[in-house]
Amino acid sequence: MERVAIKVYNTMTRQKEEFIPQDGRRIGIYVCGVTPYSHTHLGHARPSIVWDVVKKFLRSQGYDTYHVQNFTDVDDKIIARANEAGMSALELAKEFIAEHLACMDALGVERADVYPKVSEHIPEIIALVERLIDNGHAYAADGNVFFDVSSFAEYGKLSNQKRDELLEGTRFDPDPAKRSPEDFALWKKAKPGEPAWDSPWGPGRPGWHIECSAMSHKYLGCEFDFHGGGSDLIFPHHENEIAQSEAATGKTLARYWVHNGMLNLQDAKMSKSLGNIVNVQDLVARYPKELIRYYILSTHYRSELEYYEGKLDEMSRGWKRMNQAVFSLRSLLRDAELREEVSGEDDAVLSRIRQIRGCIVAALADDFNTAQAIGLLFDLVREVNAYSGRSEAPSRIVLEAAHGVFQEYGRTILGIIPDEPEAEESSLVEPLLDLILNIRQDLRAGKNFALADKIRDSLQELGIVVEDTPRGPRWKIEGVSSDADL
RNA sequence: GGCGGCAUAGCCAAGUGGUAAGGCAGAGCUCUGCAAAAGCUCCAUUCCCCAGUUCGAAUCUGGGUGCCGCCUCCA
């Protein structure tokens, strides 16, 4: 199939580059996942939704994707929380992992191919640490192992920092066992009451960054295409990953570094430590997943994104208009008398639809510009609304072309347009409603508007919205589930 | 102190050299028994400020100002 050229902003080079996959077709993606010590918040939803769209877009371009997303389930905060709650650290992590996955499912985020956990990769981590010691890039000290930053000349290349300037504004007291303050822990000596594993350096557990190096090597090899995560991970997490991985293998860890912007709440970054958190669980219960995705994807992934109470309600007005257009299209395609051929005017509209489609592909190929793609979808909304409004008998070909674009990009790739509701119960509901509405039409023809309005109001109370159009009445079911909430 | 990013209408937001997408809100109109939905028109001579490069700059360069992120756990 024909592929468009895809451009990606690479944090490493600080510019957009043409994306060329390592193996031609199969694309390896490693996205840094969460440390499951607390509830999943909206800030976590952003990279998940962004990468969900990226994967689906890449596949629509004929690529295969292999997506790895880790859970850092061994960590100081998890241990602290677990002690407070009187449960084991791994048990606590397991609960929040389950919640996280459930939240992502509820947001329509496709699952990763693998979700490796630190606790299940201790041997791989130990092997990597040993290798770094053998290479002279790490040293053991008092039951700990530290990475020797001075041994890696390229340290700082991702975050563009110079080693001697790194420590000037720093606010922590370095561990006295370190040779140099900027060295970081690969293996931490066990403290009483902490989960620990045996190692050549005594009982302990992995340091923060090493798990991602070990697990990405295992599942994607020592060099792969995309490495992603929030921009707050650039330093030190990703910088340290690069140091460990590249010092160990001599290969370039990732070819493209892709970082999403932060989600802000009242001008401050949403983060667990600040406590200004919007739970995804709560949000998903209140709003349709397609609306949440629409909100997140309306801003380019690298920009900061603001959230405040009521934001989604504001966003919902435009979103509903788009869905209304798709809804009209679907109901038109279902029953109206449509022309099966195309005429002169149809041709013009058809070529406009194709043009918009091409622009959407180009927007997504340009550093995954979902905001622009959504803008183009609105152009299509106006185009198709105008067409079906002015045309006596619209052409099926034209309507299907427009609907196809909404389906492929709005629904499948961006996930901002709900699925067509399953017509399961409609076997009975549909003829019944047709019957009622036919009678109502007779009443309207006989100018018995009082009774006609009563029928409409009563149906409304049942959650069925009736709209009279020049082409007769149409109906939709509202509020049955979040999916159907147009 | 170091590194990085951002500043576009009342609000949200695209746009990296060719004369300001899109959405919301607002105004007017059309359609309409009513309601709903929809369409059309209008709504930034101008992109934080100053200087420069250029035939031409929101876009490039230099200098300001303001905000944000990272340098400590963080998506």
# chains A, B, ... in the order shown; residues from 1 in each chain; ligands from 1
call {"tool": "interface_residues", "arguments": {"of": "chain A", "to": "chain B", "cutoff": "6 Å", "atoms": "only C-alpha atoms (C1' of nucleotides)", "output": "PyMOL selection string"}}
result
chain A and resi 43-44+161+165+229-230+318+372+375+467
call {"tool": "write_last_selection", "arguments": {"atoms": "C-alpha atoms", "output": "PDB file, in the first residue's frame"}}
result
ATOM      1  CA  GLY A  43      -2.431  13.121  33.324  1.00  0.00           C
ATOM      2  CA  HIS A  44      -1.879   9.414  32.790  1.00  0.00           C
ATOM      3  CA  GLN A 161      22.572  19.331  30.066  1.00  0.00           C
ATOM      4  CA  GLU A 165      26.076  22.250  35.497  1.00  0.00           C
ATOM      5  CA  GLY A 229       6.362   9.238  27.906  1.00  0.00           C
ATOM      6  CA  GLY A 230       5.579  12.515  29.599  1.00  0.00           C
ATOM      7  CA  GLY A 318     -18.821  21.261  19.543  1.00  0.00           C
ATOM      8  CA  GLN A 372      -5.735  19.909  12.957  1.00  0.00           C
ATOM      9  CA  GLY A 375     -10.610  20.893  12.615  1.00  0.00           C
ATOM     10  CA  GLU A 467     -36.735  15.696  15.566  1.00  0.00           C
TER      11      GLU A 467
END
call {"tool": "residues_around", "arguments": {"residues": "A:Asp134", "least_positions_apart": "6", "cutoff": "12 Å", "atoms": "only C-alpha atoms (C1' of nucleotides)", "output": "NGL selection string"}}
result
:A and (127-128 or 140 or 147 or 247-248)
call {"tool": "residues_around", "arguments": {"residues": "A:Glu2", "least_positions_apart": "3", "cutoff": "10 Å", "atoms": "only C-alpha atoms (C1' of nucleotides)", "output": "PyMOL selection string"}}
result
chain A and resi 5+61-62
call {"tool": "select_by_dssp", "arguments": {"residues": "stretch 61-307 of chain A", "states": "alpha helix (DSSP H)", "output": "VMD selection string"}}
result
chain A and resid 76 to 85 89 to 106 122 to 134 210 to 220 239 to 249 280 to 286 289 to 297
call {"tool": "residues_around", "arguments": {"residues": "A:Val129", "least_positions_apart": "5", "cutoff": "10 Å", "atoms": "only C-alpha atoms (C1' of nucleotides)", "output": "number ranges by chain"}}
result
A: 123-124, 134-135, 137-140, 145-147, 186-187, 206, 210, 214, 244, 248
